[in-house]
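For reference, the structure is listed below as structure tokens.
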Amino acid sequence: MIITIRTLKGHKGDFLRFAEEVPWTFSQETPQIATELTPLMVEGRVTNTGRAMYVEGSLHIKVRMTCTRCLDDYEEVLSAAFTEEYVSKAKAAALAAEGDDEWPDGVPTYSGDELDLHQLLWDTVMLAVPMKTICDAECKGMCPSCGESLNQGHCNCTSHRTDPRLASLADLLKE
Ligand SMILES: [Zn+2]
Ligand SMILES: [Zn+2]
């Protein structure tokens with residue numbers, strides 16, 4: 001996602017707002033996400049702080065995830081906030097040449113009139129994806145013998161299985 005900042009350049013204190021729906025596929029690189037159900041919804045603003053372009057905003061996306069306990073799919077909205085400072089490439093190079101280490105290595109830069117938020121948005125979504133996906137705190141998981149989800153009631157094997165101690169008791173009662 002690219003933001004054009006031409007109107008901000010040279011105007012310290014000015015800001016602009018942005019709101020965009022970005023089509024994006026995370027599922028190929030994120031096993032937790034099965035499918036994207038909406039584009040990535042991004043909104044925020046960019047401010048020219050004089051020393052950099054300061055970006056702040058939030059994003060959300062509705063996805064279908066796979067529960068690690070019962071393996072059923074469920075829908076969830078991932079949302080997160082982000083902030084980042086982008087310094088112009090020219091300024092970063094000038095500061096580096098002066099031996100000024102105000103900007104650490106790897107600080108995001110921009111050149112021309114465009115801010116590229118791709119990396120920032122990607123990192124923000126990755127942080128919003130839970131390590132363990134659980135469809136519900138009450139999820140009962142799946143049957144260890146047949147693999148069926150136990151959230152819709154019992155599978156066939158659990159209903160037929162009898163505690164061996166009870167079985168021998170039943171035998172005793174029959175005699
Ligand atoms: Zn589950
Ligand atoms: Zn079962």
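Lettering and numbering for the structure tokens are positional, with chains as A, B, ... in the shown order, residues counted from 1 in each chain, and ligands counted from 1 in the shown order.
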- Message: Counting only C-alpha atoms and all ligand atoms, what are the residues, protein, DNA or RNA alike, that approach ligand 2 to within 7 Å? I want them as an NGL selection string.
- Response: :A and (143-148 or 155-158)
Same residues, N, CA and C atoms, saved as a PDB file, in the first residue's frame:
```
ATOM      1  N   CYS A 143     -12.225 -36.161  19.448  1.00  0.00           N
ATOM      2  CA  CYS A 143     -12.112 -37.504  20.012  1.00  0.00           C
ATOM      3  C   CYS A 143     -10.760 -38.093  19.634  1.00  0.00           C
ATOM      4  N   PRO A 144      -9.986 -38.606  20.599  1.00  0.00           N
ATOM      5  CA  PRO A 144      -8.666 -39.148  20.285  1.00  0.00           C
ATOM      6  C   PRO A 144      -8.738 -40.408  19.425  1.00  0.00           C
ATOM      7  N   SER A 145      -9.882 -41.119  19.418  1.00  0.00           N
ATOM      8  CA  SER A 145      -9.901 -42.329  18.591  1.00  0.00           C
ATOM      9  C   SER A 145     -10.437 -42.097  17.183  1.00  0.00           C
ATOM     10  N   CYS A 146     -11.534 -41.318  17.019  1.00  0.00           N
ATOM     11  CA  CYS A 146     -12.053 -41.165  15.654  1.00  0.00           C
ATOM     12  C   CYS A 146     -11.750 -39.794  15.059  1.00  0.00           C
ATOM     13  N   GLY A 147     -11.289 -38.845  15.884  1.00  0.00           N
ATOM     14  CA  GLY A 147     -10.921 -37.531  15.353  1.00  0.00           C
ATOM     15  C   GLY A 147     -12.083 -36.596  15.109  1.00  0.00           C
ATOM     16  N   GLU A 148     -13.289 -36.999  15.489  1.00  0.00           N
ATOM     17  CA  GLU A 148     -14.448 -36.138  15.287  1.00  0.00           C
ATOM     18  C   GLU A 148     -14.483 -35.037  16.350  1.00  0.00           C
ATOM     19  N   CYS A 155     -19.235 -38.220  19.664  1.00  0.00           N
ATOM     20  CA  CYS A 155     -19.067 -39.040  18.466  1.00  0.00           C
ATOM     21  C   CYS A 155     -19.565 -40.433  18.833  1.00  0.00           C
ATOM     22  N   ASN A 156     -19.615 -41.297  17.832  1.00  0.00           N
ATOM     23  CA  ASN A 156     -20.155 -42.640  18.066  1.00  0.00           C
ATOM     24  C   ASN A 156     -19.322 -43.467  19.035  1.00  0.00           C
ATOM     25  N   CYS A 157     -17.988 -43.341  18.915  1.00  0.00           N
ATOM     26  CA  CYS A 157     -17.181 -44.202  19.790  1.00  0.00           C
ATOM     27  C   CYS A 157     -17.315 -43.829  21.263  1.00  0.00           C
ATOM     28  N   THR A 158     -17.479 -42.548  21.588  1.00  0.00           N
ATOM     29  CA  THR A 158     -17.606 -42.210  23.014  1.00  0.00           C
ATOM     30  C   THR A 158     -18.914 -42.735  23.587  1.00  0.00           C
TER      31      THR A 158
END
```
Determine, using only C-alpha atoms, which residues of stretch 48-162 of chain A have any atom at most 10 Å from an atom of stretch 11-19 of chain A, and tabulate each with its shortest atom pair and distance in Å to one decimal place, rows ordered by chain and then rising number, as JSON lines.
```
{"residue": "A:Asn48", "atom": "CA", "partner": "A:Lys12", "partner_atom": "CA", "distance": 5.1}
{"residue": "A:Thr49", "atom": "CA", "partner": "A:Lys12", "partner_atom": "CA", "distance": 5.6}
{"residue": "A:Gly50", "atom": "CA", "partner": "A:Lys12", "partner_atom": "CA", "distance": 5.0}
{"residue": "A:Arg51", "atom": "CA", "partner": "A:Lys12", "partner_atom": "CA", "distance": 8.7}
{"residue": "A:Ala52", "atom": "CA", "partner": "A:Lys12", "partner_atom": "CA", "distance": 9.3}
{"residue": "A:Met53", "atom": "CA", "partner": "A:Phe15", "partner_atom": "CA", "distance": 9.1}
{"residue": "A:Tyr54", "atom": "CA", "partner": "A:Phe15", "partner_atom": "CA", "distance": 9.1}
{"residue": "A:Val55", "atom": "CA", "partner": "A:Phe15", "partner_atom": "CA", "distance": 9.5}
{"residue": "A:Glu56", "atom": "CA", "partner": "A:Arg17", "partner_atom": "CA", "distance": 9.7}
{"residue": "A:Gly57", "atom": "CA", "partner": "A:Phe18", "partner_atom": "CA", "distance": 8.9}
{"residue": "A:Ser58", "atom": "CA", "partner": "A:Ala19", "partner_atom": "CA", "distance": 9.7}
{"residue": "A:Leu59", "atom": "CA", "partner": "A:Ala19", "partner_atom": "CA", "distance": 9.6}
```
Expected file contents, prior selection, N, CA and C atoms, as a compact mmCIF listing (two decimals), in the first residue's frame:
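Output saved as out-v7.txt:
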```txt
# COMPACT_ATOMS: atom_id res chain seq x y z
N ASN A 48 3.81 15.09 9.00
CA ASN A 48 5.18 15.55 8.79
C ASN A 48 5.65 16.18 10.10
N THR A 49 6.52 15.47 10.81
CA THR A 49 6.97 15.97 12.12
C THR A 49 8.21 16.87 11.99
N GLY A 50 8.65 17.06 10.76
CA GLY A 50 9.86 17.84 10.56
C GLY A 50 11.06 16.93 10.45
N ARG A 51 11.16 15.96 11.36
CA ARG A 51 12.29 15.04 11.26
C ARG A 51 11.95 13.79 10.45
N ALA A 52 10.66 13.52 10.32
CA ALA A 52 10.25 12.30 9.61
C ALA A 52 8.77 12.37 9.25
N MET A 53 8.32 11.34 8.53
CA MET A 53 6.90 11.17 8.29
C MET A 53 6.41 10.15 9.32
N TYR A 54 5.52 10.60 10.19
CA TYR A 54 5.05 9.73 11.28
C TYR A 54 3.69 9.14 10.88
N VAL A 55 3.65 7.83 10.84
CA VAL A 55 2.43 7.13 10.43
C VAL A 55 1.80 6.47 11.65
N GLU A 56 0.51 6.68 11.83
CA GLU A 56 -0.20 5.97 12.90
C GLU A 56 -1.55 5.53 12.34
N GLY A 57 -2.00 4.38 12.78
CA GLY A 57 -3.27 3.91 12.24
C GLY A 57 -3.65 2.57 12.81
N SER A 58 -4.67 1.99 12.20
CA SER A 58 -5.13 0.68 12.65
C SER A 58 -5.61 -0.10 11.44
N LEU A 59 -5.65 -1.40 11.60
CA LEU A 59 -6.10 -2.25 10.51
C LEU A 59 -6.98 -3.35 11.07
```
Give me, as CSV, each residue of chain A that comes within 7 Å of ligand 1, together with its shortest interatomic pair and the distance in Å at one decimal, counting only C-alpha atoms and all ligand atoms, with rows ordered by chain and rising residue number.
```
residue,atom,partner,partner_atom_place_in_ligand_line,distance
A:Cys67,CA,ligand 1,1 (Zn),4.7
A:Thr68,CA,ligand 1,1 (Zn),6.6
A:Arg69,CA,ligand 1,1 (Zn),4.9
A:Cys70,CA,ligand 1,1 (Zn),4.1
A:Leu71,CA,ligand 1,1 (Zn),6.2
A:Asp72,CA,ligand 1,1 (Zn),5.8
A:Ile134,CA,ligand 1,1 (Zn),5.3
A:Cys135,CA,ligand 1,1 (Zn),4.3
A:Asp136,CA,ligand 1,1 (Zn),6.0
A:Cys139,CA,ligand 1,1 (Zn),4.6
A:Lys140,CA,ligand 1,1 (Zn),6.7
A:Gly141,CA,ligand 1,1 (Zn),5.6
```
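Here atom CA of A:Leu95 stands at a distance of 28.1 Å from atom CA of A:Thr124.
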- Item | Neighbour list for A:Gln119 as a PyMOL selection string, cut-off 12 Å, only C-alpha atoms, skip fewer than 2 positions in-chain | chain A and resi 1-2+82+84+86+107-109+115-117+121-126
Write out the residues from the selection above, keeping N, CA and C atoms, as a short mmCIF file (atom, residue, chain, number, x, y, z; two decimals), in the first residue's frame.
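Below is the file that was written, again.cif:
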```
data_model
loop_
_atom_site.label_atom_id
_atom_site.label_comp_id
_atom_site.auth_asym_id
_atom_site.auth_seq_id
_atom_site.Cartn_x
_atom_site.Cartn_y
_atom_site.Cartn_z
N MET A 1 0.85 -1.19 0.00
CA MET A 1 0.00 0.00 0.00
C MET A 1 0.89 1.25 0.00
N ILE A 2 0.62 2.12 -0.96
CA ILE A 2 1.44 3.32 -1.15
C ILE A 2 0.63 4.57 -0.77
N PHE A 82 -0.90 0.43 14.62
CA PHE A 82 0.51 0.51 14.23
C PHE A 82 0.98 1.96 14.26
N GLU A 84 4.76 4.11 12.94
CA GLU A 84 6.09 3.98 12.34
C GLU A 84 6.55 5.36 11.88
N TYR A 86 9.04 7.24 9.11
CA TYR A 86 9.80 7.05 7.86
C TYR A 86 10.64 8.29 7.63
N VAL A 107 16.18 1.65 9.79
CA VAL A 107 15.01 2.51 9.96
C VAL A 107 14.33 2.62 8.59
N PRO A 108 12.99 2.54 8.56
CA PRO A 108 12.33 2.61 7.27
C PRO A 108 12.52 3.98 6.60
N THR A 109 12.76 3.94 5.32
CA THR A 109 13.00 5.18 4.59
C THR A 109 11.98 5.32 3.46
N LEU A 115 5.21 6.85 0.33
CA LEU A 115 5.50 6.03 1.51
C LEU A 115 4.95 4.64 1.21
N ASP A 116 5.78 3.64 1.35
CA ASP A 116 5.33 2.27 1.11
C ASP A 116 5.10 1.60 2.47
N LEU A 117 3.83 1.31 2.76
CA LEU A 117 3.49 0.74 4.08
C LEU A 117 3.49 -0.79 4.09
N LEU A 121 2.46 -3.01 7.41
CA LEU A 121 1.16 -3.69 7.48
C LEU A 121 1.35 -5.19 7.65
N TRP A 122 2.30 -5.73 6.92
CA TRP A 122 2.58 -7.17 7.02
C TRP A 122 2.97 -7.53 8.45
N ASP A 123 3.93 -6.78 9.01
CA ASP A 123 4.39 -7.06 10.38
C ASP A 123 3.25 -6.92 11.39
N THR A 124 2.41 -5.93 11.17
CA THR A 124 1.30 -5.69 12.11
C THR A 124 0.31 -6.85 12.08
N VAL A 125 0.00 -7.35 10.89
CA VAL A 125 -0.92 -8.48 10.80
C VAL A 125 -0.30 -9.71 11.44
N MET A 126 0.99 -9.95 11.18
CA MET A 126 1.63 -11.14 11.75
C MET A 126 1.60 -11.11 13.28
#
```
- Message: Nearest residue to A:Ser88 out of A:Pro130, A:Gly112, A:Gly106, A:Pro23, using only C-alpha atoms?
- Response: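 Using only C-alpha atoms, A:Ser88 sits closest to A:Gly112.
Remark: for A:Ala80, the closest of the candidate residues A:Arg64, A:Gly10, A:Asp100, A:Val129 is A:Val129 (distances computed over only C-alpha atoms).
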- Tell me, in Å to one decimal, how far atom CA of A:Glu20 is from atom CA of A:Thr4. 12.9 Å
- Going by DSSP on the backbone, which bits of chain A are helix (DSSP H, G or I)? Write them as a ChimeraX atom specification, please. /A:6-8,89-97,118-128,156-160,164-174
Please produce an output containing N, CA and C atoms for each residue in the selection, written as a tab-separated table (two decimals), in the first residue's frame.
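So part-v1.tsv came out as:
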```tsv
chain	number	residue	atom	x	y	z
A	6	ARG	N	3.09	13.99	-1.27
A	6	ARG	CA	3.58	15.21	-1.93
A	6	ARG	C	3.14	16.48	-1.18
A	7	THR	N	1.87	16.50	-0.77
A	7	THR	CA	1.33	17.72	-0.13
A	7	THR	C	1.93	17.99	1.25
A	8	LEU	N	2.56	16.96	1.85
A	8	LEU	CA	3.11	17.14	3.20
A	8	LEU	C	4.55	17.64	3.18
A	89	LYS	N	15.22	9.01	2.34
A	89	LYS	CA	16.50	8.35	2.04
A	89	LYS	C	17.65	9.35	2.04
A	90	ALA	N	17.38	10.53	1.46
A	90	ALA	CA	18.41	11.57	1.37
A	90	ALA	C	18.85	12.00	2.77
A	91	LYS	N	17.87	12.16	3.67
A	91	LYS	CA	18.19	12.61	5.03
A	91	LYS	C	18.96	11.53	5.79
A	92	ALA	N	18.52	10.29	5.61
A	92	ALA	CA	19.20	9.18	6.28
A	92	ALA	C	20.65	9.10	5.82
A	93	ALA	N	20.87	9.28	4.52
A	93	ALA	CA	22.23	9.20	3.97
A	93	ALA	C	23.08	10.37	4.49
A	94	ALA	N	22.47	11.55	4.55
A	94	ALA	CA	23.20	12.74	5.02
A	94	ALA	C	23.60	12.57	6.49
A	95	LEU	N	22.67	12.06	7.29
A	95	LEU	CA	22.96	11.87	8.71
A	95	LEU	C	24.05	10.82	8.91
A	96	ALA	N	23.97	9.76	8.10
A	96	ALA	CA	24.97	8.70	8.21
A	96	ALA	C	26.35	9.25	7.84
A	97	ALA	N	26.38	10.09	6.81
A	97	ALA	CA	27.65	10.68	6.36
A	97	ALA	C	28.25	11.56	7.45
A	118	HIS	N	3.88	-1.40	2.99
A	118	HIS	CA	3.77	-2.86	2.87
A	118	HIS	C	4.35	-3.61	4.08
A	119	GLN	N	5.61	-3.32	4.39
A	119	GLN	CA	6.28	-4.05	5.46
A	119	GLN	C	5.61	-3.81	6.82
A	120	LEU	N	5.24	-2.56	7.05
A	120	LEU	CA	4.58	-2.21	8.31
A	120	LEU	C	3.26	-2.97	8.47
A	121	LEU	N	2.46	-3.01	7.41
A	121	LEU	CA	1.16	-3.69	7.48
A	121	LEU	C	1.35	-5.19	7.65
A	122	TRP	N	2.30	-5.73	6.92
A	122	TRP	CA	2.58	-7.17	7.02
A	122	TRP	C	2.97	-7.53	8.45
A	123	ASP	N	3.93	-6.78	9.01
A	123	ASP	CA	4.39	-7.06	10.38
A	123	ASP	C	3.25	-6.92	11.39
A	124	THR	N	2.41	-5.93	11.17
A	124	THR	CA	1.30	-5.69	12.11
A	124	THR	C	0.31	-6.85	12.08
A	125	VAL	N	0.00	-7.35	10.89
A	125	VAL	CA	-0.92	-8.48	10.80
A	125	VAL	C	-0.30	-9.71	11.44
A	126	MET	N	0.99	-9.95	11.18
A	126	MET	CA	1.63	-11.14	11.75
A	126	MET	C	1.60	-11.11	13.28
A	127	LEU	N	1.74	-9.91	13.86
A	127	LEU	CA	1.69	-9.80	15.33
A	127	LEU	C	0.27	-10.04	15.85
A	128	ALA	N	-0.73	-9.77	15.00
A	128	ALA	CA	-2.12	-9.92	15.44
A	128	ALA	C	-2.60	-11.37	15.34
A	156	ASN	N	-19.62	-41.30	17.83
A	156	ASN	CA	-20.15	-42.64	18.07
A	156	ASN	C	-19.32	-43.47	19.04
A	157	CYS	N	-17.99	-43.34	18.92
A	157	CYS	CA	-17.18	-44.20	19.79
A	157	CYS	C	-17.31	-43.83	21.26
A	158	THR	N	-17.48	-42.55	21.59
A	158	THR	CA	-17.61	-42.21	23.01
A	158	THR	C	-18.91	-42.73	23.59
A	159	SER	N	-19.98	-42.71	22.77
A	159	SER	CA	-21.26	-43.14	23.32
A	159	SER	C	-21.28	-44.65	23.53
A	160	HIS	N	-20.47	-45.39	22.74
A	160	HIS	CA	-20.48	-46.85	22.89
A	160	HIS	C	-19.44	-47.34	23.88
A	164	PRO	N	-14.30	-49.95	31.65
A	164	PRO	CA	-14.16	-51.39	31.90
A	164	PRO	C	-14.60	-51.81	33.31
A	165	ARG	N	-14.39	-50.91	34.29
A	165	ARG	CA	-14.82	-51.27	35.66
A	165	ARG	C	-16.33	-51.37	35.73
A	166	LEU	N	-17.01	-50.45	35.02
A	166	LEU	CA	-18.47	-50.49	35.01
A	166	LEU	C	-18.95	-51.73	34.24
A	167	ALA	N	-18.20	-52.11	33.20
A	167	ALA	CA	-18.58	-53.27	32.41
A	167	ALA	C	-18.58	-54.53	33.27
A	168	SER	N	-17.52	-54.66	34.10
A	168	SER	CA	-17.49	-55.88	34.93
A	168	SER	C	-18.57	-55.83	36.01
A	169	LEU	N	-18.88	-54.61	36.46
A	169	LEU	CA	-19.96	-54.47	37.41
A	169	LEU	C	-21.28	-54.88	36.77
A	170	ALA	N	-21.48	-54.47	35.51
A	170	ALA	CA	-22.68	-54.83	34.80
A	170	ALA	C	-22.79	-56.34	34.64
A	171	ASP	N	-21.62	-56.96	34.37
A	171	ASP	CA	-21.62	-58.42	34.25
A	171	ASP	C	-22.03	-59.09	35.56
A	172	LEU	N	-21.50	-58.54	36.65
A	172	LEU	CA	-21.83	-59.09	37.97
A	172	LEU	C	-23.32	-59.01	38.24
A	173	LEU	N	-23.90	-57.84	37.86
A	173	LEU	CA	-25.32	-57.61	38.12
A	173	LEU	C	-26.20	-58.54	37.30
A	174	LYS	N	-25.65	-58.93	36.11
A	174	LYS	CA	-26.42	-59.83	35.24
A	174	LYS	C	-26.51	-61.23	35.84
```
- Which residue of A:Ser79, A:Thr66, A:Thr133, A:Asn151 approaches A:Ala34 most closely, using only C-alpha atoms: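 Checking each candidate against A:Ala34, we get A:Thr66 as the closest.
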- Give me every strand (DSSP E) residue in stretch 67-164 of chain A, going by DSSP on the backbone, as a PyMOL selection string. chain A and resi 73-88+109-110+114-116
Would you mind exporting the chosen residues as a compact mmCIF listing (two decimals), in the first residue's frame, restricted to N, CA and C atoms?
```txt
# COMPACT_ATOMS: atom_id res chain seq x y z
N ASP A 73 -13.08 -24.95 11.41
CA ASP A 73 -12.80 -23.58 11.01
C ASP A 73 -13.72 -22.63 11.77
N TYR A 74 -13.25 -21.45 12.04
CA TYR A 74 -14.09 -20.44 12.67
C TYR A 74 -13.67 -19.08 12.16
N GLU A 75 -14.59 -18.10 12.27
CA GLU A 75 -14.30 -16.77 11.76
C GLU A 75 -13.82 -15.86 12.87
N GLU A 76 -12.89 -14.99 12.54
CA GLU A 76 -12.40 -14.06 13.53
C GLU A 76 -11.96 -12.77 12.85
N VAL A 77 -12.10 -11.65 13.55
CA VAL A 77 -11.59 -10.38 13.03
C VAL A 77 -10.26 -10.11 13.74
N LEU A 78 -9.22 -10.02 12.95
CA LEU A 78 -7.91 -9.65 13.50
C LEU A 78 -7.82 -8.14 13.42
N SER A 79 -7.44 -7.49 14.50
CA SER A 79 -7.26 -6.05 14.41
C SER A 79 -6.06 -5.63 15.24
N ALA A 80 -5.44 -4.56 14.82
CA ALA A 80 -4.23 -4.10 15.51
C ALA A 80 -3.94 -2.66 15.12
N ALA A 81 -3.21 -1.98 15.98
CA ALA A 81 -2.80 -0.61 15.71
C ALA A 81 -1.32 -0.61 15.32
N PHE A 82 -0.90 0.43 14.62
CA PHE A 82 0.51 0.51 14.23
C PHE A 82 0.98 1.96 14.26
N THR A 83 2.27 2.13 14.48
CA THR A 83 2.92 3.44 14.34
C THR A 83 4.29 3.18 13.72
N GLU A 84 4.76 4.11 12.94
CA GLU A 84 6.09 3.98 12.34
C GLU A 84 6.55 5.36 11.88
N GLU A 85 7.84 5.55 11.89
CA GLU A 85 8.44 6.78 11.39
C GLU A 85 9.25 6.46 10.14
N TYR A 86 9.04 7.24 9.11
CA TYR A 86 9.80 7.05 7.86
C TYR A 86 10.64 8.29 7.63
N VAL A 87 11.93 8.07 7.44
CA VAL A 87 12.83 9.19 7.17
C VAL A 87 13.18 9.15 5.69
N SER A 88 13.37 10.30 5.09
CA SER A 88 13.70 10.31 3.66
C SER A 88 15.08 9.70 3.46
N THR A 109 12.76 3.94 5.32
CA THR A 109 13.00 5.18 4.59
C THR A 109 11.98 5.32 3.46
N TYR A 110 11.92 6.49 2.90
CA TYR A 110 11.10 6.70 1.70
C TYR A 110 11.91 7.57 0.75
N GLU A 114 6.46 9.01 -2.16
CA GLU A 114 5.68 7.83 -1.80
C GLU A 114 6.18 7.14 -0.54
N LEU A 115 5.21 6.85 0.33
CA LEU A 115 5.50 6.03 1.51
C LEU A 115 4.95 4.64 1.21
N ASP A 116 5.78 3.64 1.35
CA ASP A 116 5.33 2.27 1.11
C ASP A 116 5.10 1.60 2.47
```
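Of the listed residues A:Gly153, A:Gly44, A:Pro39, A:Gly99, the one whose atoms come nearest to A:Glu21 is A:Pro39, with distances taken using only C-alpha atoms.
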- Message: Ranking A:Met131, A:Leu37, A:Val42, A:Ile5 by minimum distance to A:Val22 and counting only C-alpha atoms, which one comes first?
- Response: A:Val42
- Message: One number please: atom CA of A:Thr30 to atom CA of A:Ala137, in Å, one decimal.
- Response: 21.8 Å
- Query: Nearest to A:Lys132 among A:Thr47, A:Met65, A:His60, A:Lys9, with distances taken over only C-alpha atoms: which residue is it?
  - Reply: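 Between A:Thr47, A:Met65, A:His60, A:Lys9, the residue approaching A:Lys132 most closely is A:Met65.
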